[in-house]
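Undergrad: Just passing along the structure, written as structure tokens.
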Amino acid sequence: MQRCTRDPLAPSPQPLAPGTLLAALTVIVMLLSPLPVLSQQQQTDYVVGPQDVLAITVWDQPDLNNKFTVEADGSFTFPMIGRVQAGGLTLRQVEAELRKRLADGYFKNPQLTVAVDTYRSQRVFIIGEVRTPGTYVLTGNMSLVEALSRAGSTTAAASHEAVIVRAAEGKAGDGPTLPDQAEAGEVVRVQLKDLQSGDLSNNIPLRDGDTIVVPRAEMVYVFGQVRNPGAYPLQAQETTVMQALALAGGVTDRGSTGRIKISRLVDGEKKELKVKLSDLVLPGDTIIVPERFF
């Protein structure tokens with residue numbers, strides 16, 4: 001029986017780019033639970049903060065039904081009972097507090113519900129190489145994967161990592177915090193390939209004010225005798241010359257794999273280096289595949 005051998009220089013199947021898996025997760029999340037609609041568990045676990053607008057319904061007492069804005073000190077005024085502290089409490093805890101105070105001399109066994117009409121207090125910022133960067137409401141136990149899914153997943157130009165920046169105590173602002181800013185207190189780097197492989201140990205729970213930064217991948221340039229010359233993002237920490245050539249479709253029949261060179265900037269000076277297929281490439285390298293002599 002004739003054995004089928006594979007050309008080692010032919011383009012090999014590539015692992016899914018980080019954005020591919022995250023895009024698939026996005027579709028699954030959208031199909032199973034439309035993102036604008038929070039689950040009952042997420043709503044009751046939500047921690048109320050200043051500027052949130054609460055919709056309160058007291059059954060059999062329609063005159064008490066209304067919307068109430070939580071003020072800067074975390075409280076709001078409710079008819080008959082006055083100031084109610086809501087900041088730092090979950091919706092279920094706010095319901096219990098209202099029920100207790102209304103039962104104290106006003107109604108027997110009052111039944112009521114508290115929901116968030118407008119989320120304004122807790123949020124996360126997502127910037128960089130995602131399809132829909134912006135400010136997103138932090139609800140329930142939102143994790144990194146869920147946040148990236150809400151932002152439409154990463155783009156094809158995304159790097160191999162996501163950076164979570166947490167502002168230092170008392171320095172959280174009204175906008176994103178970048179890793180090199182003085183306000184940054186903690187910087188956590190997560191390898192997207194780990195999430196891609198199904199390892200959710202780095203699927204970090206997010207906190208109020210977190211900034212998720214997805215940097216643009218650094219590029220490698222491939223020219224000469226390859227099927228698709230051009231610039232390609234490096235989406236792995238270590239990429240060999242052979243892997244970079246595979247990104248460009250592989251070497252043509254006229255290409256020489258024994259005389260491949262890399263043009264690289266070394267100490268501010270451009271140099272040409274002879275390399276092997278197993279050598280690692282660096283961001284900004286230009287790989288040149290020459291034509292064979294015969």
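Ligands are numbered from 1 in the order shown, residues from 1 within each chain, and chains are lettered A, B, ... in the order they appear in the structure tokens.
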Applying 6 Å and only C-alpha atoms, which residues near segment 136-146 of chain A remain after dropping the ones on its own chain fewer than 3 positions away? List them as a list in words.

TA: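 Listed by chain and then number, they are Gln42, Asp45, Tyr46, Gln122, Arg123, Val124, Ser149, Asn203, Ile204, Pro205 and Leu206 of chain A.
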
Undergrad: Which polymer residues have any atom within 10 Å of an atom of Met219 of chain A, counting only C-alpha atoms, with same-chain residues fewer than 6 positions away left out, as a PDB file with C-alpha atoms, in the first residue's frame?

TA:
ATOM      1  CA  ALA A 157      -6.018  41.912  14.112  1.00  0.00           C
ATOM      2  CA  SER A 159      -2.999  40.069  19.688  1.00  0.00           C
ATOM      3  CA  GLY A 230       1.949  40.552   2.685  1.00  0.00           C
ATOM      4  CA  ALA A 231       1.733  41.513   6.353  1.00  0.00           C
ATOM      5  CA  TYR A 232       0.392  39.042   8.923  1.00  0.00           C
ATOM      6  CA  PRO A 233      -0.445  39.454  12.632  1.00  0.00           C
ATOM      7  CA  LEU A 234       1.564  37.434  15.127  1.00  0.00           C
ATOM      8  CA  GLN A 235      -1.085  35.871  17.341  1.00  0.00           C
ATOM      9  CA  LEU A 282      10.279  38.724  15.950  1.00  0.00           C
ATOM     10  CA  PRO A 283       7.622  41.432  15.574  1.00  0.00           C
ATOM     11  CA  GLY A 284       8.496  43.688  12.662  1.00  0.00           C
ATOM     12  CA  ASP A 285      10.625  41.075  10.863  1.00  0.00           C
ATOM     13  CA  THR A 286      10.524  40.894   7.079  1.00  0.00           C
TER      14      THR A 286
END

Undergrad: Write out as an MDAnalysis selection string the residues lying within 6 Å of segment 240-242 of chain A, counting only C-alpha atoms and excluding same-chain residues fewer than 3 positions away.

TA: chainID A and resid 245 277:281

Undergrad: Write out as a ChimeraX atom specification the residues lying within 12 Å of segment 64-77 of chain A, counting only C-alpha atoms and excluding same-chain residues fewer than 5 positions away.

TA: /A:47-59,82-89,94,98,102,110-121

Undergrad: Write the residues of the selection above to a file with N, CA and C atoms, as a compact mmCIF listing (two decimals), in the first residue's frame.

TA:
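Dumped to selection-v7.txt:
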# COMPACT_ATOMS: atom_id res chain seq x y z
N VAL A 47 -25.60 44.61 42.23
CA VAL A 47 -25.37 45.47 43.39
C VAL A 47 -25.67 46.91 42.99
N VAL A 48 -26.62 47.51 43.69
CA VAL A 48 -27.09 48.85 43.36
C VAL A 48 -26.02 49.88 43.69
N GLY A 49 -25.93 50.91 42.86
CA GLY A 49 -24.98 52.00 43.08
C GLY A 49 -25.59 53.34 42.74
N PRO A 50 -24.87 54.43 43.03
CA PRO A 50 -25.37 55.78 42.74
C PRO A 50 -25.74 55.95 41.28
N GLN A 51 -26.81 56.70 41.05
CA GLN A 51 -27.34 57.04 39.73
C GLN A 51 -28.14 55.92 39.07
N ASP A 52 -28.16 54.72 39.66
CA ASP A 52 -29.06 53.68 39.15
C ASP A 52 -30.51 54.14 39.36
N VAL A 53 -31.38 53.78 38.42
CA VAL A 53 -32.80 54.09 38.54
C VAL A 53 -33.54 52.79 38.83
N LEU A 54 -34.21 52.73 39.98
CA LEU A 54 -34.92 51.53 40.40
C LEU A 54 -36.40 51.65 40.09
N ALA A 55 -36.99 50.60 39.54
CA ALA A 55 -38.44 50.53 39.32
C ALA A 55 -39.03 49.65 40.42
N ILE A 56 -39.85 50.25 41.28
CA ILE A 56 -40.40 49.54 42.43
C ILE A 56 -41.91 49.38 42.27
N THR A 57 -42.37 48.14 42.40
CA THR A 57 -43.79 47.82 42.27
C THR A 57 -44.26 47.18 43.57
N VAL A 58 -45.26 47.80 44.21
CA VAL A 58 -45.87 47.26 45.42
C VAL A 58 -47.26 46.75 45.03
N TRP A 59 -47.43 45.44 45.11
CA TRP A 59 -48.69 44.85 44.67
C TRP A 59 -49.84 45.32 45.56
N GLY A 82 -39.66 57.29 53.97
CA GLY A 82 -38.52 58.21 53.89
C GLY A 82 -37.31 57.61 53.21
N ARG A 83 -36.11 57.93 53.74
CA ARG A 83 -34.86 57.55 53.09
C ARG A 83 -34.59 56.05 53.24
N VAL A 84 -34.20 55.44 52.14
CA VAL A 84 -33.87 54.01 52.12
C VAL A 84 -32.47 53.86 51.55
N GLN A 85 -31.61 53.18 52.29
CA GLN A 85 -30.25 52.95 51.82
C GLN A 85 -30.23 51.75 50.88
N ALA A 86 -29.77 52.00 49.64
CA ALA A 86 -29.74 50.92 48.65
C ALA A 86 -28.34 50.65 48.12
N GLY A 87 -27.47 51.65 48.19
CA GLY A 87 -26.12 51.49 47.67
C GLY A 87 -25.37 50.36 48.36
N GLY A 88 -24.78 49.48 47.57
CA GLY A 88 -24.04 48.35 48.11
C GLY A 88 -24.90 47.12 48.38
N LEU A 89 -26.20 47.23 48.17
CA LEU A 89 -27.11 46.10 48.39
C LEU A 89 -27.53 45.50 47.05
N VAL A 94 -32.59 44.96 48.80
CA VAL A 94 -33.40 46.19 48.82
C VAL A 94 -34.88 45.82 48.99
N LEU A 98 -37.28 47.16 52.10
CA LEU A 98 -38.55 47.84 51.88
C LEU A 98 -39.70 47.05 52.51
N LEU A 102 -42.09 48.66 55.37
CA LEU A 102 -43.51 48.86 55.07
C LEU A 102 -44.39 48.02 56.00
N PRO A 110 -46.51 43.03 53.09
CA PRO A 110 -46.47 43.69 51.77
C PRO A 110 -45.68 42.86 50.76
N GLN A 111 -46.18 42.80 49.54
CA GLN A 111 -45.52 42.10 48.46
C GLN A 111 -45.02 43.12 47.44
N LEU A 112 -43.76 43.05 47.10
CA LEU A 112 -43.21 44.07 46.18
C LEU A 112 -42.04 43.49 45.40
N THR A 113 -41.68 44.17 44.34
CA THR A 113 -40.52 43.79 43.52
C THR A 113 -39.70 45.04 43.23
N VAL A 114 -38.40 44.86 43.15
CA VAL A 114 -37.48 45.94 42.81
C VAL A 114 -36.66 45.49 41.60
N ALA A 115 -36.66 46.30 40.56
CA ALA A 115 -35.88 46.01 39.36
C ALA A 115 -35.10 47.27 38.99
N VAL A 116 -34.08 47.08 38.18
CA VAL A 116 -33.30 48.23 37.71
C VAL A 116 -33.88 48.70 36.39
N ASP A 117 -34.37 49.95 36.38
CA ASP A 117 -34.89 50.53 35.15
C ASP A 117 -33.75 51.03 34.27
N THR A 118 -32.74 51.65 34.87
CA THR A 118 -31.58 52.16 34.13
C THR A 118 -30.31 51.87 34.93
N TYR A 119 -29.39 51.17 34.29
CA TYR A 119 -28.10 50.88 34.93
C TYR A 119 -27.15 52.05 34.68
N ARG A 120 -26.65 52.65 35.74
CA ARG A 120 -25.74 53.78 35.58
C ARG A 120 -24.51 53.72 36.47
N SER A 121 -24.48 52.82 37.43
CA SER A 121 -23.41 52.89 38.43
C SER A 121 -22.21 52.01 38.08

Undergrad: Between A:Gly134, A:Gln225, A:Glu238, A:Ala96, which has the minimum distance to Asn109 of chain A (counting only C-alpha atoms)?

TA: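 Checking each of A:Gly134, A:Gln225, A:Glu238, A:Ala96 against Asn109 of chain A, counting only C-alpha atoms, the winner is A:Ala96.
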
Undergrad: Between A:Thr239, A:Val226, A:Ala217, A:His160, which has the minimum distance to Gln196 of chain A (counting only C-alpha atoms)?

TA: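 Ranking A:Thr239, A:Val226, A:Ala217, A:His160 by distance to Gln196 of chain A, first place goes to A:His160.
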
Undergrad: Grab the atom CA of Ile127 of chain A to atom CA of Asp174 of chain A distance for me, in Å with one decimal place.

TA: 14.2 Å

Undergrad: Among segment 87-191 of chain A, which ones does DSSP assign to helix (DSSP H, G or I) (computed from the backbone)? Answer as a compact mmCIF listing (two decimals) with C-alpha atoms, in the first residue's frame.

TA:
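Result went into result26.txt, see below:
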# COMPACT_ATOMS: atom_id res chain seq x y z
CA LEU A 91 -31.93 44.02 44.52
CA ARG A 92 -33.13 41.17 46.71
CA GLN A 93 -31.72 42.92 49.79
CA VAL A 94 -33.40 46.19 48.82
CA GLU A 95 -36.69 44.32 48.48
CA ALA A 96 -36.23 42.82 51.96
CA GLU A 97 -35.49 46.23 53.48
CA LEU A 98 -38.55 47.84 51.88
CA ARG A 99 -40.76 44.91 52.88
CA LYS A 100 -39.55 45.13 56.49
CA ARG A 101 -40.12 48.87 56.81
CA LEU A 102 -43.51 48.86 55.07
CA ALA A 103 -44.65 46.03 57.38
CA LEU A 144 -13.85 38.26 30.81
CA VAL A 145 -15.33 35.93 28.16
CA GLU A 146 -18.83 37.34 28.67
CA ALA A 147 -17.54 40.91 28.42
CA LEU A 148 -15.64 40.17 25.20
CA SER A 149 -18.74 38.46 23.83
CA ARG A 150 -20.82 41.54 24.56

Undergrad: Please return, as a PyMOL selection string, all residues of segment 46-249 of chain A that DSSP assigns to strand (DSSP E) on the basis of the backbone.

TA: chain A and resi 53-58+66-69+75-78+82-85+112-118+123-128+134-137+161-167+184-191+211-214+219-224+230-233

Undergrad: Excluding same-chain residues fewer than 5 positions from segment 252-268 of chain A, what lies within 7 Å of it counting only C-alpha atoms, as number ranges by chain?

TA: A: 225-227, 273-275, 285-292

Undergrad: I need the residues from that last selection saved to file as a CSV table (one decimal), in the first residue's frame (with all heavy atoms), if you can.

TA:
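Writing done, so here's selection_8.csv:
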chain,number,residue,atom,x,y,z
A,225,GLN,N,9.1,34.4,-2.8
A,225,GLN,CA,8.4,33.3,-3.4
A,225,GLN,C,7.5,32.6,-2.4
A,225,GLN,O,7.7,31.4,-2.0
A,225,GLN,CB,9.5,32.3,-4.0
A,225,GLN,CG,10.3,32.9,-5.1
A,225,GLN,CD,9.4,33.2,-6.3
A,225,GLN,OE1,8.5,32.4,-6.7
A,225,GLN,NE2,9.7,34.3,-7.0
A,226,VAL,N,6.4,33.3,-2.1
A,226,VAL,CA,5.3,32.7,-1.3
A,226,VAL,C,4.0,33.0,-2.0
A,226,VAL,O,3.9,33.8,-2.9
A,226,VAL,CB,5.3,33.3,0.1
A,226,VAL,CG1,6.5,32.8,1.0
A,226,VAL,CG2,5.2,34.8,0.1
A,227,ARG,N,3.0,32.2,-1.7
A,227,ARG,CA,1.8,32.2,-2.5
A,227,ARG,C,1.0,33.5,-2.2
A,227,ARG,O,0.3,34.1,-3.1
A,227,ARG,CB,0.9,31.0,-2.1
A,227,ARG,CG,1.4,29.7,-2.7
A,227,ARG,CD,0.5,28.5,-2.4
A,227,ARG,NE,1.0,27.3,-3.1
A,227,ARG,CZ,1.9,26.5,-2.6
A,227,ARG,NH1,2.5,26.8,-1.4
A,227,ARG,NH2,2.3,25.5,-3.3
A,273,LEU,N,19.6,38.6,8.0
A,273,LEU,CA,20.1,37.4,8.7
A,273,LEU,C,19.6,36.2,8.0
A,273,LEU,O,18.5,36.1,7.6
A,273,LEU,CB,19.5,37.4,10.2
A,273,LEU,CG,19.7,38.7,11.0
A,273,LEU,CD1,18.9,38.6,12.3
A,273,LEU,CD2,21.2,39.0,11.3
A,274,LYS,N,20.5,35.2,7.8
A,274,LYS,CA,20.1,33.9,7.2
A,274,LYS,C,19.5,33.1,8.3
A,274,LYS,O,20.0,33.0,9.4
A,274,LYS,CB,21.4,33.2,6.6
A,274,LYS,CG,21.0,32.0,5.9
A,274,LYS,CD,22.2,31.4,5.2
A,274,LYS,CE,21.9,30.1,4.5
A,274,LYS,NZ,23.0,29.5,3.8
A,275,VAL,N,18.4,32.5,8.0
A,275,VAL,CA,17.6,31.8,9.1
A,275,VAL,C,17.2,30.4,8.6
A,275,VAL,O,17.2,30.1,7.4
A,275,VAL,CB,16.4,32.5,9.5
A,275,VAL,CG1,16.7,33.8,10.2
A,275,VAL,CG2,15.4,32.8,8.3
A,285,ASP,N,9.7,41.8,11.8
A,285,ASP,CA,10.6,41.1,10.9
A,285,ASP,C,10.0,41.1,9.5
A,285,ASP,O,8.8,41.0,9.3
A,285,ASP,CB,10.9,39.6,11.3
A,285,ASP,CG,11.9,39.5,12.4
A,285,ASP,OD1,12.6,40.5,12.7
A,285,ASP,OD2,12.1,38.4,12.9
A,286,THR,N,10.9,41.1,8.5
A,286,THR,CA,10.5,40.9,7.1
A,286,THR,C,11.2,39.6,6.6
A,286,THR,O,12.5,39.6,6.5
A,286,THR,CB,10.9,42.1,6.2
A,286,THR,OG1,10.2,43.2,6.6
A,286,THR,CG2,10.5,41.8,4.7
A,287,ILE,N,10.4,38.6,6.2
A,287,ILE,CA,11.0,37.3,5.8
A,287,ILE,C,11.0,37.4,4.2
A,287,ILE,O,10.0,37.7,3.6
A,287,ILE,CB,10.1,36.2,6.2
A,287,ILE,CG1,10.0,36.1,7.8
A,287,ILE,CG2,10.6,34.8,5.7
A,287,ILE,CD1,9.0,35.1,8.3
A,288,ILE,N,12.2,37.0,3.7
A,288,ILE,CA,12.3,37.1,2.2
A,288,ILE,C,12.7,35.7,1.7
A,288,ILE,O,13.7,35.1,2.2
A,288,ILE,CB,13.4,38.1,1.9
A,288,ILE,CG1,13.2,39.5,2.4
A,288,ILE,CG2,13.6,38.1,0.3
A,288,ILE,CD1,14.3,40.4,2.4
A,289,VAL,N,11.8,35.1,0.9
A,289,VAL,CA,12.1,33.8,0.3
A,289,VAL,C,12.6,34.0,-1.1
A,289,VAL,O,11.8,34.4,-2.0
A,289,VAL,CB,10.8,33.0,0.3
A,289,VAL,CG1,11.0,31.6,-0.3
A,289,VAL,CG2,10.2,32.8,1.7
A,290,PRO,N,13.8,33.7,-1.4
A,290,PRO,CA,14.4,33.9,-2.7
A,290,PRO,C,14.0,32.8,-3.7
A,290,PRO,O,13.4,31.8,-3.3
A,290,PRO,CB,15.9,33.9,-2.5
A,290,PRO,CG,16.0,32.9,-1.3
A,290,PRO,CD,14.8,33.1,-0.5
A,291,GLU,N,14.2,33.0,-5.0
A,291,GLU,CA,13.9,32.1,-6.0
A,291,GLU,C,15.0,31.1,-6.1
A,291,GLU,O,16.2,31.4,-5.9
A,291,GLU,CB,13.8,32.8,-7.4
A,291,GLU,CG,13.3,31.9,-8.5
A,291,GLU,CD,12.9,32.7,-9.7
A,291,GLU,OE1,13.1,34.0,-9.7
A,291,GLU,OE2,12.6,32.1,-10.8
A,292,ARG,N,14.7,29.8,-6.4
A,292,ARG,CA,15.7,28.8,-6.6
A,292,ARG,C,16.6,29.0,-7.8
A,292,ARG,O,16.2,29.6,-8.8
A,292,ARG,CB,15.0,27.4,-6.7
A,292,ARG,CG,14.4,26.9,-5.4
A,292,ARG,CD,14.0,25.5,-5.5
A,292,ARG,NE,13.1,25.3,-6.7
A,292,ARG,CZ,12.6,24.1,-7.0
A,292,ARG,NH1,13.0,23.0,-6.3
A,292,ARG,NH2,11.7,24.0,-8.0

Undergrad: Figure out the distance between atom CA of Gly152 of chain A and atom CA of Ile164 of chain A, please, to one decimal in Å.

TA: 17.3 Å
